[in-house]
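This report concerns only the one structure given below.
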Amino acid sequence: MNFSLFNLLAQPDIEHPPYEWGDYFFPVQAAEGAAENDFIYWAILWISAVFFVLIVAFMMYFAWVYRRRPGHEKPLPSPSHNTTLEILWSVIPSILLVWMFYAGANGYFQSRIIPESAEEIWVTAQQFNWAFTYPDGDSTANELHLVVNRPVKFKMESRDVLHSLFIPAFRQKQDVVPGRYTYTWVRPTRVGTYRLYCTEYCGDNHSLMYANVIVHASEEARKEATKWDWDLFAQTDPVKNGERIYQLNCAGCHRVDGVRSTGPPLNEVYGTERSLLSGTRLGDENYIRESIREPNKEIVSGFTSPSQMPAFIQFNDDQLNWIVIYLKSLSGKE
Amino acid sequence: MSIEHGVHHDGLHGDHHDAHHHGKFIAHHFDSAEQQFDAGKMGIWVFLVTEVLFFSGLFCAYILYRYHHPEIFVQAHHFLDKVLGAGNTIVLLFSSLTMALAVRASQLGQNRSVAIYVLITMVCASIFLGVKAVEYTHKWDMGIFVRSFFQYDDHHHAEGISRYLILASIVPGALLACFGGLALLGMTSKGGFEKAFWGGMAIMVLGYFIGVGGGMFYMGMSGGEHYTPTELHHDIGIFFSIYYCMTGLHAFHVIGGIIALAWIYYRSLACHWRPDYFGPVDNVGLYWHLVDLIWIFLFPLLYLIN
Amino acid sequence: MSNPSLAQQYFGHAAQHNYLNVSKGWKSWAFTLDHKRIGVMYLIGVTFALLLAGVFALLLRAELFTPNKMFLSEAQYNQMFTLHGAIMVFAFIIPSIPAALGNFVLPMMLGAKDVAFPRLNLMSFYLWVIGTIFLVIAMITNSLDTGWTFYTPYSIRTSTGVVAATFGAFVLGFSSIFTGINFLVTVHTMRAPGMGWFQMPLFIWGLYATAIIQVLATPVLGITLLMLIAERLLHIGIFDPKYGGDPVLFQHFFWFYSHPAVYIMILPGMGVISELISVYSRKKIFGYSFIAFSSVAIAILGFLVWGHHMFTSGQSELVTLIFSAITFTVAIPSAVKVFNWLSTMYKGCIALVTPMLFAMSFIFLFGIGGLTGLFLATLRTDIHLHDTYFVVAHFHYVMVGGTLTALFGGLFHWWPKMFGRMYNELCGKITCLLVFVGFNVTFFPQFVMGSRGMPRRYARYDIEFEAFHQWSTIGAMILGVGVVIGFATLVYAAFRGPRCAGNPFGAATLEWQSSSPPSFHNFDHKVEFTSPYDFSTQVYDEELDSYVHRNFTAPAKPAVPVQPQSI
């Protein structure tokens with residue numbers, strides 16, 4: 001815990017998260033439009049600084065020079081209104097405001113007009129995780145993989161409440177609204193890892209609803225990171241396969257340390273009597289399969305119906321088996 | 001009138017601070033009856049503005065949903081009975097007339113006339129609520145609730161008297177018994193003030209049952225004829241959400257109006273109104289006209305689509 | 001007060017029979033219709049709300065000292081920031097200056113005996129009490145975790161006490177509406193003879209503009225909250241996407257009220273500052289009509305900018321563009337006020353006492369708050385800064401740096417009038433210094449954090465923000481100490497401070513023509529209208545230790561008729 005002023009002015013000497021820190025005021029500029037955003041920001045900052053310094057300087061100067069003291073017990077004669085002055089100090093700032101409005105609107109429209117060449121990534125937000133589905137059908141949870149210099153359009157939907165997708169390094173933000181689609185786009189210009197936050201308050205674990213954005217140098221590298229290599233899976237340990245599927249699809253809502261989050265924890269599912277709203281049932285293979293494919297059929301006690309969980313109908317039998325084997329390994333029961 | 005005011009005004013200005021020159025109903029912090037009247041008048045107008053804005057949120061919701069889902073509104077309005085709606089509109093318009101007459105009478109200091117006109121106004125308000133109760137409960141019988149509880153079932157309606165209607169009539173029934181009893185007690189005492197007041201209240205509540213009876217009679221006459229849709233829009237409940245919100249809020253204001261009118265009725269019986277003091281009648285009258293006016297907007301917006 | 005009998009001649013004989021001791025017992029307070037007592041009760045109430053919400057703020061800041069959990073779970077943190085916001089906004093800031101200070105000062109500034117509708121005034125106060133109790137009940141029983149904005153659909157889904165809290169806010173809304181109606185009518189009908197619209201003190205203009213907003217905007221909040229309650233209890237499907245409703249519609253309704261409400265919070269503060277700067281510079285306010293009109297302009301423009309809270313909500317680009325443009329226009333009247341205050345100080349005779357120091361600190365803090373608003377009105381930068389700590393810092397600079405400083409300045413200024421006793425100047429200055437320093441240390445780092453992308457309403461955060469958060473927490477503690485010292489100073493002064501005369505600061509507005517504390521009827525003599533900013537009429541009288549009108553001359557003989565009808 002080090003909070004000396006020095007640390008504020010320099011980069012703090014702390015353990016870095018897996019993304020880049022940038023300069024003092026801003027994260028790195030990693031997408032088209034970021035530089036323009038920062039330019040407008042600095043321009044407004046300097047204009048404001050000039051006005052602010054003048055205001056405070058005049059205030060302090062007047063307060064000192066005209067302070068009440070022996071020998072100065074009456075105000076000096078001065079006019080109590082001056083229309084020319086009033087108009088002047090209304091009009092001059094107005095001109096600057098018009099520029100700010102113009103520059104801001106211009107930049108805004110550039111950030112809104114989606115290039116036709118953009119690839120489309122489907123973003124699904126729900127308490128408290130992000131899922132990304134790529135044009136080739138692959139999907140990832142809480143990790144967004146992009147290709148440098150390739151414009152990408154996000155088509156976003158929410159399964160429950162309001163969320164907002166915010167990538168500081170890209171200077172881009174858009175709310176995700178249940179019941180409709182919202183859109184935004186980015187063109188990453190820099191390879192690296194950045195943070196993605198949810199910036200619209202969405203419930204208990206709002207502050208844990210973040211993801212990493214990984215910008216790859218090439219399409220191949222992206223493919224490598226996102227693909228579900230089923231052949232590779234088949235040759236390895238089925239427990240590992242199940243864990244991989246869990247990480248990519250389930251970890252956002254289900255924990256495996258016995259702690260309840262959006263959904264019930266999964267480490268004790270297999271081989272125990274499940275307490276459901278409709279009664280009890282043994283957590284066997286069929287129960288797990290059904291829970292994945294028809295999440296609404298039976299709800300665990302303590303959770304509300306209908307379930308917030310989407311139906312994962314895309315898993316094939318192998319994949320479902322791996323999940324079952326993985327859960328079995330967690331519970332340690334036969 | 002204006003000359004009288006001027007004379008009165010000057011008379012008061014002879015000495016601002018002499019309490020003896022203050023009229024009986026001039027509050028201590030006002031200099032003159034005129035100032036008090038102006039303040040009350042402006043206060044009620046500003047209050048009416050806030051009332052209009054209060055309803056405006058619902059009107060905005062109405063406009064938005066009608067703009068986005070016109071088909072829902074066209075289909076749903078068939079469930080509303082135009083004749084009952086129009087009847088209620090006439091009742092309210094008539095009550096506005098009697099209210100205006102009450103204000104005029106109070107300006108002339110004719111307290112007895114004020115009491116009669118205000119009583120008629122209250123009875124009209126109760127009739128309105130009675131008809132509204134028939135309309136509401138008839139819909140509830142058919143499962144026409146707000147959006148999430150909406151489960152329309154045409155076969156469910158109209159066998160005997162609706163249980164919902166009986167439930168809705170418990171409070172008016174109790175009030176009727178209560179006021180009637182108090183009026184009877186008042187008969188025994190001297191003076192007749194209590195008799196007149198509680199009797200008036202009982203007559204007012206009776207209006208509710210007149211409304212219920214009239215509404216049910218009409219329903220029986222029209223043979224419970226129903227709009228039978230081929231296929232209901234799945235979001236049709238939104239219309240009824242808006243319908244219940246708007247008419248419910250309006251009905252709430254009618255009840256508030258009745259309470260205010262009862263207060264005016266009481267003070268009329270106590271002969272409080274004079275040509276230089278009638279502000280409360282005037283202000284409650286303005287409020288009542290606004291309640292009517294809102295209904296004048298609600299009726300075509302909800303009942304007369306197409 | 002060295003010569004009581006002389007003071008009686010000038011200020012009336014009320015010092016012995018003032019509004020505080022005219023009647024005794026709790027009933028004489030609980031059922032009072034006197035605007036001064038209602039103002040004092042409001043003051044006690046809003047102070048309680050401020051301290052309660054302030055404690056929440058300090059707990060939040062303490063939790064944020066480290067990136068990971070210290071003592072609040074995520075759910076507890078969310079409930080705490082919600083109650084901090086809801087109580088601060090609805091129970092403290094909105095009623096603070098208008099209902100507490102305004103109630104006391106407005107009728108007296110107009111030379112009236114009371115507000116137009118004293119019963120309605122008392123009812124406002126009790127509605128405030130009921131509304132606050134509902135908020136506190138929500139807090140104690142089932143808590144509330146929606147944020148003070150109650151955004152749908154989360155507020156429909158959450159299991160916490162949304163209905164109790166929204167009903168509380170609904171009732172508080174009516175309290176605010178009734179205060180607004182009362183003030184509007186009082187200003188229109190009860191000005192002292194001779195006081196035209198443009199001879200009203202600027203604090204009255206501020207309150208008048210505020211009342212317009214209260215009356216026109218608050219009903220929309222009322223119906224919105226009712227619809228939200230209906231949505232939660234009955235699922236009427238207007239805001240709930242599950243039933244075909246539109247959650248963004250709620251945001252439009254909510255901000256249609258809540259943006260103007262921001263000006264409910266700041267306009268009275270600006271009015272106070274206009275008074276303070278003029279009185280303590282002993283100089284006629286510069287550009288009176290521009291300040292007056294700028295208040296009304298802000299009130300009107302405030303109704304047209306609500307969409308700027310929703311630039312990233314998915315509303316259409318054209319709508320966004322229009323709201324951005326109108327938002328910039330609000331900057332002009334705000335800037336005009338600041339320039340006029342500076343010009344008032346120019347060549348003045350400035351007493352650097354506590355209220356004036358608060359006024360100067362207001363200019364400093366409101367300057368930052370206002371200028372950082374430009375970043376948020378500019379569309380491109382708002383996309384980046386929206387819902388980050390930049391926004392948090394911005395509105396705290398306006399609402400706390402603005403309103404709280406103005407409230408403190410106003411309290412120190414009118415305290416001698418309210419209680420007839422003087423505060424300790426040194427303690428006052430210490431308060432001002434601690435509040436100023438603490439405030440800046442708390443919120444300035446948040447601008448940087450926000451620019452770097454730190455989202456708001458986060459119980460946990462990435463380690464890169466740790467140093468900023470720690471600075472912020474330290475500042476909050478300083479600010480907390482400052483506020484406590486401030487109220488301790490005032491409370492001590494009210495009971496034990498040295499007695500003072502009717503007009504110790506030489507102010508020319510009408511309330512200073514009464515004794516301190518004022519009599520039950522405010523003025524024992526006929527109020528003589530004088531220009532509110534003509535300080536040449538006020539001359540210091542050694543014997544009275546107070547300023548008196550220059551036409552007043554002590555009679556040669558000891559006064560027998562103790563009740564002069566005019567000054």
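Going by the structure tokens order, chains are called A, B, ..., each with residues numbered from 1, while ligands are numbered from 1 in the order shown.
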Distance table requested - chain A against chain C, cut-off 7 Å, only C-alpha atoms: one row per qualifying residue with the closest atom pair and its distance in Å to one decimal, ordered by chain and rising residue number, as a Markdown table.
| residue | atom | partner | partner_atom | distance |
| --- | --- | --- | --- | --- |
| A:Phe3 | CA | C:Ala467 | CA | 5.5 |
| A:Leu8 | CA | C:Ala467 | CA | 6.6 |
| A:Phe25 | CA | C:Val448 | CA | 5.8 |
| A:Phe26 | CA | C:Arg452 | CA | 4.7 |
| A:Pro27 | CA | C:Arg452 | CA | 5.5 |
| A:Asn37 | CA | C:Thr381 | CA | 5.7 |
| A:Tyr41 | CA | C:Thr381 | CA | 6.4 |
| A:Ile44 | CA | C:Phe375 | CA | 6.9 |
| A:Ser48 | CA | C:Leu371 | CA | 6.0 |
| A:Phe52 | CA | C:Gly367 | CA | 6.6 |
| A:Val56 | CA | C:Phe364 | CA | 6.6 |
| A:Met59 | CA | C:Leu342 | CA | 6.2 |
| A:Phe62 | CA | C:Tyr346 | CA | 5.8 |
| A:Ala63 | CA | C:Ile350 | CA | 6.3 |
| A:Tyr66 | CA | C:Cys349 | CA | 5.4 |
| A:Arg67 | CA | C:Ile350 | CA | 4.4 |
| A:Arg68 | CA | C:Ile350 | CA | 4.9 |
| A:His72 | CA | C:Cys349 | CA | 6.8 |
| A:Glu73 | CA | C:Cys349 | CA | 6.1 |
| A:Lys74 | CA | C:Cys349 | CA | 5.6 |
| A:Pro75 | CA | C:Gly348 | CA | 4.3 |
| A:Leu76 | CA | C:Lys347 | CA | 5.2 |
| A:Ser78 | CA | C:Lys347 | CA | 6.8 |
| A:Ser80 | CA | C:Phe286 | CA | 4.6 |
| A:His81 | CA | C:Gly287 | CA | 4.6 |
| A:Ser90 | CA | C:Ile332 | CA | 6.1 |
| A:Ser94 | CA | C:Ile332 | CA | 6.9 |
| A:Leu97 | CA | C:Phe328 | CA | 6.5 |
| A:Met100 | CA | C:Thr378 | CA | 6.3 |
| A:Phe101 | CA | C:Thr378 | CA | 5.7 |
| A:Gly104 | CA | C:Arg380 | CA | 4.6 |
| A:Ala105 | CA | C:Leu379 | CA | 5.5 |
| A:Gly107 | CA | C:Arg380 | CA | 5.2 |
| A:Tyr108 | CA | C:Arg380 | CA | 4.6 |
| A:Val161 | CA | C:Tyr154 | CA | 5.4 |
| A:Pro168 | CA | C:Gly453 | CA | 5.1 |
| A:Arg171 | CA | C:His384 | CA | 4.8 |
| A:Gln172 | CA | C:His384 | CA | 5.8 |
| A:Lys173 | CA | C:Ile383 | CA | 5.8 |
| A:Gln174 | CA | C:Thr312 | CA | 5.1 |
| A:Asp175 | CA | C:Ser313 | CA | 5.1 |
| A:Pro178 | CA | C:Pro241 | CA | 6.3 |
| A:Gly179 | CA | C:Pro241 | CA | 5.2 |
| A:Thr182 | CA | C:Gly314 | CA | 6.3 |
| A:Thr199 | CA | C:Pro455 | CA | 5.5 |
| A:Tyr201 | CA | C:Arg457 | CA | 6.6 |
| A:Cys202 | CA | C:Tyr154 | CA | 6.7 |
| A:Asp204 | CA | C:Ala75 | CA | 4.9 |
| A:Asn205 | CA | C:Glu74 | CA | 6.2 |
| A:His206 | CA | C:Tyr458 | CA | 6.7 |
| A:Ser207 | CA | C:Tyr458 | CA | 4.5 |
(message) Using only C-alpha atoms and a distance of at most 10 Å, pull out the residues of chain B that contact chain C, as a ChimeraX atom specification.
(response) /B:16-17,27-31,35-47,49-58,60-62,64-65,145-150,234-242,244-245,249
(message) I need the helix (DSSP H, G or I) residues of stretch 184-279 of chain A per DSSP on the backbone, written as a PyMOL selection string.
(response) chain A and resi 206-208+219-226+230-235+238-249
(request) Using only C-alpha atoms, find the one residue out of A:Phe312, A:Tyr246, A:Phe39, A:Phe303 that sits nearest to A:Tyr326. (result)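 Result for the nearest residue to A:Tyr326: A:Tyr246.
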Residues near A:Gly242, cut-off 9 Å, only C-alpha atoms, skip fewer than 6 positions along chain, as an mmCIF file with N, CA, C and O atoms, in the first residue's frame:
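See part-v4.cif below for the written result:
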data_model
loop_
_atom_site.group_PDB
_atom_site.id
_atom_site.type_symbol
_atom_site.label_atom_id
_atom_site.label_comp_id
_atom_site.auth_asym_id
_atom_site.auth_seq_id
_atom_site.Cartn_x
_atom_site.Cartn_y
_atom_site.Cartn_z
ATOM 1 N N GLN A 319 -19.365 -34.081 -26.184
ATOM 2 C CA GLN A 319 -19.125 -32.916 -25.321
ATOM 3 C C GLN A 319 -19.921 -33.014 -24.026
ATOM 4 O O GLN A 319 -19.418 -32.716 -22.932
ATOM 5 N N LEU A 320 -21.170 -33.465 -24.151
ATOM 6 C CA LEU A 320 -21.973 -33.625 -22.939
ATOM 7 C C LEU A 320 -21.338 -34.653 -22.008
ATOM 8 O O LEU A 320 -21.279 -34.466 -20.790
ATOM 9 N N ASN A 321 -20.837 -35.737 -22.614
ATOM 10 C CA ASN A 321 -20.166 -36.742 -21.805
ATOM 11 C C ASN A 321 -18.986 -36.181 -21.052
ATOM 12 O O ASN A 321 -18.769 -36.482 -19.881
ATOM 13 N N TRP A 322 -18.186 -35.380 -21.769
ATOM 14 C CA TRP A 322 -17.006 -34.803 -21.107
ATOM 15 C C TRP A 322 -17.424 -33.942 -19.923
ATOM 16 O O TRP A 322 -16.786 -33.969 -18.881
ATOM 17 N N ILE A 323 -18.501 -33.176 -20.107
ATOM 18 C CA ILE A 323 -18.954 -32.336 -18.995
ATOM 19 C C ILE A 323 -19.331 -33.209 -17.805
ATOM 20 O O ILE A 323 -18.946 -32.944 -16.656
ATOM 21 N N VAL A 324 -20.078 -34.294 -18.107
ATOM 22 C CA VAL A 324 -20.496 -35.183 -17.027
ATOM 23 C C VAL A 324 -19.273 -35.756 -16.313
ATOM 24 O O VAL A 324 -19.190 -35.771 -15.077
ATOM 25 N N ILE A 325 -18.275 -36.188 -17.108
ATOM 26 C CA ILE A 325 -17.080 -36.781 -16.502
ATOM 27 C C ILE A 325 -16.346 -35.743 -15.658
ATOM 28 O O ILE A 325 -15.870 -36.035 -14.556
ATOM 29 N N TYR A 326 -16.311 -34.536 -16.146
ATOM 30 C CA TYR A 326 -15.640 -33.461 -15.398
ATOM 31 C C TYR A 326 -16.357 -33.224 -14.068
ATOM 32 O O TYR A 326 -15.734 -33.146 -13.006
ATOM 33 N N LEU A 327 -17.692 -33.142 -14.103
ATOM 34 C CA LEU A 327 -18.448 -32.891 -12.872
ATOM 35 C C LEU A 327 -18.303 -34.063 -11.898
ATOM 36 O O LEU A 327 -18.244 -33.885 -10.686
#
(request) One decimal, Å: what's the distance from atom CA of C:Thr160 over to atom CA of C:Ser143, could you say? (result) 5.7 Å
(request) Would you please extract all strand (DSSP E or B) residues from stretch 130-246 of chain A, as assigned by DSSP on the backbone, and give them as a VMD selection string? (result) chain A and resid 130 to 133 139 to 141 143 to 147 152 to 158 163 to 167 172 to 176 178 182 to 186 188 192 to 198 210 to 216
Please list as a compact mmCIF listing (two decimals) with all heavy atoms, in the first residue's frame every residue within 8 Å of A:Ala169, counting only C-alpha atoms and excluding residues in the same chain fewer than 2 positions away.
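Ended up saving to part17.txt:
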# COMPACT_ATOMS: atom_id res chain seq x y z
N PRO A 27 -5.54 5.11 -20.95
CA PRO A 27 -4.98 3.83 -21.38
C PRO A 27 -4.38 3.99 -22.78
O PRO A 27 -4.61 5.01 -23.44
CB PRO A 27 -6.17 2.89 -21.40
CG PRO A 27 -7.37 3.68 -21.05
CD PRO A 27 -7.00 5.10 -20.89
N VAL A 28 -3.66 2.98 -23.26
CA VAL A 28 -3.06 3.09 -24.60
C VAL A 28 -4.15 3.28 -25.65
O VAL A 28 -5.29 2.90 -25.44
CB VAL A 28 -2.26 1.82 -24.96
CG1 VAL A 28 -0.97 1.77 -24.20
CG2 VAL A 28 -3.09 0.59 -24.75
N GLN A 29 -3.75 3.91 -26.76
CA GLN A 29 -4.70 4.07 -27.86
C GLN A 29 -4.63 2.83 -28.74
O GLN A 29 -3.68 2.66 -29.47
CB GLN A 29 -4.35 5.31 -28.68
CG GLN A 29 -4.38 6.58 -27.87
CD GLN A 29 -3.84 7.77 -28.63
OE1 GLN A 29 -3.25 7.62 -29.69
NE2 GLN A 29 -4.04 8.96 -28.09
N ALA A 30 -5.64 2.00 -28.67
CA ALA A 30 -5.53 0.71 -29.35
C ALA A 30 -6.57 0.52 -30.43
O ALA A 30 -6.74 -0.58 -30.93
CB ALA A 30 -5.63 -0.42 -28.32
N ALA A 31 -7.28 1.58 -30.78
CA ALA A 31 -8.27 1.42 -31.84
C ALA A 31 -8.44 2.72 -32.58
O ALA A 31 -8.06 3.80 -32.11
CB ALA A 31 -9.62 0.97 -31.26
N ALA A 34 -9.44 6.40 -31.11
CA ALA A 34 -8.92 6.67 -29.77
C ALA A 34 -8.08 7.94 -29.78
O ALA A 34 -8.21 8.79 -28.89
CB ALA A 34 -8.09 5.48 -29.29
N ILE A 167 -14.69 -0.71 -23.56
CA ILE A 167 -13.29 -1.08 -23.70
C ILE A 167 -12.48 0.22 -23.66
O ILE A 167 -12.41 0.94 -24.65
CB ILE A 167 -13.04 -1.83 -25.03
CG1 ILE A 167 -14.00 -3.02 -25.12
CG2 ILE A 167 -11.59 -2.29 -25.12
CD1 ILE A 167 -14.04 -3.66 -26.48
N ARG A 171 -11.72 3.27 -26.40
CA ARG A 171 -12.58 4.46 -26.20
C ARG A 171 -13.97 4.22 -26.76
O ARG A 171 -14.58 5.11 -27.34
CB ARG A 171 -11.98 5.72 -26.85
CG ARG A 171 -10.50 5.92 -26.68
CD ARG A 171 -10.13 6.39 -25.29
NE ARG A 171 -8.76 6.82 -25.25
CZ ARG A 171 -7.71 6.03 -24.99
NH1 ARG A 171 -7.89 4.76 -24.73
NH2 ARG A 171 -6.48 6.52 -24.97
N TYR A 194 -6.26 -6.07 -23.54
CA TYR A 194 -6.91 -4.91 -22.92
C TYR A 194 -8.09 -5.37 -22.10
O TYR A 194 -8.55 -6.50 -22.21
CB TYR A 194 -7.36 -3.92 -24.00
CG TYR A 194 -6.31 -3.66 -25.04
CD1 TYR A 194 -6.35 -4.29 -26.28
CD2 TYR A 194 -5.24 -2.82 -24.75
CE1 TYR A 194 -5.35 -4.09 -27.22
CE2 TYR A 194 -4.24 -2.61 -25.68
CZ TYR A 194 -4.30 -3.24 -26.91
OH TYR A 194 -3.31 -3.04 -27.82
N ARG A 195 -8.60 -4.43 -21.27
CA ARG A 195 -9.73 -4.77 -20.42
C ARG A 195 -11.05 -4.39 -21.09
O ARG A 195 -11.15 -3.38 -21.78
CB ARG A 195 -9.67 -3.99 -19.11
CG ARG A 195 -9.08 -4.76 -17.95
CD ARG A 195 -9.97 -5.85 -17.43
NE ARG A 195 -9.52 -6.23 -16.09
CZ ARG A 195 -8.89 -7.35 -15.80
NH1 ARG A 195 -8.66 -8.24 -16.74
NH2 ARG A 195 -8.50 -7.61 -14.57
(request) Might you pull out every residue within 10 Å of A:Glu294, with only C-alpha atoms counted and same-chain residues fewer than 2 positions away left off, and present them as a VMD selection string? (result) chain A and resid 288 to 292 296 to 298 307 309 to 313
Just-selected residues, N, CA, C and O atoms written as a CSV table (one decimal), in the first residue's frame:
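File selection-v3.csv, as written:
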chain,number,residue,atom,x,y,z
A,288,ILE,N,-27.9,-34.1,-15.5
A,288,ILE,CA,-27.0,-33.1,-16.0
A,288,ILE,C,-27.2,-32.7,-17.5
A,288,ILE,O,-27.3,-31.6,-17.9
A,289,ARG,N,-27.5,-33.8,-18.3
A,289,ARG,CA,-27.8,-33.5,-19.7
A,289,ARG,C,-29.0,-32.6,-19.9
A,289,ARG,O,-29.0,-31.7,-20.6
A,290,GLU,N,-30.1,-33.0,-19.1
A,290,GLU,CA,-31.3,-32.2,-19.2
A,290,GLU,C,-31.1,-30.8,-18.8
A,290,GLU,O,-31.6,-29.8,-19.4
A,291,SER,N,-30.3,-30.6,-17.7
A,291,SER,CA,-30.1,-29.3,-17.2
A,291,SER,C,-29.4,-28.4,-18.2
A,291,SER,O,-29.6,-27.2,-18.3
A,292,ILE,N,-28.5,-29.0,-19.0
A,292,ILE,CA,-27.8,-28.2,-20.0
A,292,ILE,C,-28.7,-27.9,-21.2
A,292,ILE,O,-28.7,-26.8,-21.7
A,296,ASN,N,-34.8,-24.8,-18.3
A,296,ASN,CA,-36.0,-24.3,-17.6
A,296,ASN,C,-36.9,-25.4,-17.0
A,296,ASN,O,-37.9,-25.2,-16.4
A,297,LYS,N,-36.5,-26.6,-17.4
A,297,LYS,CA,-37.4,-27.7,-17.0
A,297,LYS,C,-37.5,-27.9,-15.5
A,297,LYS,O,-38.5,-28.0,-14.9
A,298,GLU,N,-36.3,-27.9,-14.9
A,298,GLU,CA,-36.3,-28.0,-13.4
A,298,GLU,C,-35.3,-27.0,-12.8
A,298,GLU,O,-34.2,-26.8,-13.3
A,307,SER,N,-35.4,-19.9,-15.5
A,307,SER,CA,-34.0,-19.9,-15.3
A,307,SER,C,-33.4,-18.8,-16.3
A,307,SER,O,-33.9,-18.5,-17.3
A,309,MET,N,-30.6,-19.2,-17.5
A,309,MET,CA,-29.6,-19.9,-18.3
A,309,MET,C,-30.1,-20.2,-19.7
A,309,MET,O,-31.3,-20.6,-19.9
A,310,PRO,N,-29.3,-19.9,-20.8
A,310,PRO,CA,-29.8,-20.2,-22.1
A,310,PRO,C,-29.6,-21.7,-22.3
A,310,PRO,O,-28.8,-22.4,-21.6
A,311,ALA,N,-30.4,-22.3,-23.2
A,311,ALA,CA,-30.3,-23.7,-23.5
A,311,ALA,C,-29.0,-23.9,-24.4
A,311,ALA,O,-28.9,-23.3,-25.5
A,312,PHE,N,-28.1,-24.8,-24.0
A,312,PHE,CA,-26.9,-25.0,-24.7
A,312,PHE,C,-27.2,-26.3,-25.6
A,312,PHE,O,-26.8,-27.4,-25.3
A,313,ILE,N,-27.9,-26.0,-26.7
A,313,ILE,CA,-28.2,-27.1,-27.6
A,313,ILE,C,-27.1,-27.5,-28.6
A,313,ILE,O,-27.2,-28.5,-29.3
(message) Neighbouring residues of stretch 252-269 of chain B were defined as those with any atom within 7 Å, considering only C-alpha atoms; residues of the same chain fewer than 3 positions away were excluded. Please report them as number ranges by chain.
(response) B: 111-112, 114-115, 118-119, 122, 125, 193, 197, 248-249, 272-273, 281, 284, 288, 291
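Note that atom CA of B:Lys139 and atom CA of B:Trp295 are 19.5 Å apart.
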(message) Give me the residues near stretch 19-21 of chain C as a list in words, where near means some atom within 7 Å (using only C-alpha atoms) and where sequence neighbours in that chain fewer than 2 positions away do not count.
(response)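 Neighbouring residues, sequence-local ones excluded: His17, Ser23, Lys24, Pro518, Ser519 and Phe520 of chain C.
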